[in-house]
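Undergrad: Below are the structure tokens for one structure; questions will follow.
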Amino acid sequence: MKLATWNVNSLKVRLPHLLDWLAANPVDAICLQETKQQDADFPQAALQTAGYYSAFSGQKTYNGVAILSRTPLSEVQYGIPNFTDEQKRVIAATINGVRVVCVYIPNGQSLDSDKYQYKLKWLAALRDWLALEIKQYPNLALLGDYNIAPEDRDVYDPAGWAGNVLVSEPERAAFQSLLQLGLRDSYRLFEQADKSYSWWDYRMMAFRRNMGLRIDHVLVSEALAERCIGCVIDKAPRKLERPSDHTPVVAEMKTD
DNA sequence: ATGGCTTCATAGTGAAGA
């Protein structure tokens with residue numbers, strides 16, 4: 001079973017890239033972030049034609065998440081239960097016995113911003129909910145754009161980024177608190193090349209110079225980690241014309 | 001160097017992303 005995540009930065013603009021990528025990489029399910037589309041505009045028919053069922057939670061202009069799956073999705077959950085949030089950042093569904101949780105974690109903007117406080121509160125609510133969810137669903141995967149680079153090796157210039165949003169100590173502590181639930185960073189279960197990133201700024205030719213961050217992650221529960229046989233970042237779509245600034249991350253699980 | 005790029009929005013002195 002292959003599970004993927006991709007912040008597409010506008011599904012409307014990126015739909016051709018997504019369809020091409022799914023044709024070349026027929027994953028079992030993919031989590032999308034920053035669809036930036038109201039539900040009425042979601043390209044359900046085109047994705048169905050490509051072989052994918054979909055569940056989605058969108059809004060105008062900002063945010064928006066979706067899960068696509070080759071098999072039907074059940075027990076679809078929108079948002080974090082008991083956490084009021086206007087912003088569409090969470091959708092979860094059960095796929096072949098695996099609880100798939102798709103998140104677009106807030107960016108935070110800067111450490112002195114209200115958005116940073118919102119990010120930390122949001123992460124605490126996510127952790128509290130997942131603590132319950134993991135008990136109910138031992139096979140759980142948390143995929144998405146975390147907007148957190150967990151360690152300095154996930155940052156192209158750790159000294160330059162020190163103290164900045166995406167790498168600050170409270171954000172990294174929140175990431176660790178997710179691991180403390182029993183989740184594992186599937187990417188780090190395997191040998192990986194140095195300087196591996198999942199996002200590069202559009203400016204300053206950052207991709208060509210590999211000035212990136214690893215902020216898109218696939219975390220897996222212990223039961224899934226035992227079945228996990230690989231995790232890769234696919235840089236190919238970042239090289240296309242008019243790319244998303246993020247690239248897909250794909251984890252593969254052995255089916256017993 | 002607070003810009004550099006891209007998106008959606010509106011026609012701004014843009015806003016937000018990361």
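In the structure tokens, chains take letters A, B, ... by order of appearance, with residues numbered from 1 within each chain and ligands from 1 in the order shown.
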Residues near Pro26 in chain A, anyone? I mean within 12 Å using only C-alpha atoms (C1' of nucleotides), not counting same-chain ones fewer than 6 positions away, as a ChimeraX atom specification.

TA: /A:1-4,18-20,50-52,68-70,250

Undergrad: May I have the residues of chain A within 12 Å of chain B, counting only C-alpha atoms (C1' of nucleotides), written as a VMD selection string?

TA: chain A and resid 7 to 14 34 to 37 59 to 63 105 to 110 115 145 to 149 161 164 to 167 198 to 206 212 to 216 242 to 246

Undergrad: Using only C-alpha atoms, which of the listed residues (A:Arg238, A:Arg127, A:Arg208, A:Lys135) sits closest to Gln176 in chain A?

TA: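 Of all the options, A:Arg127 lies closest to Gln176 in chain A.
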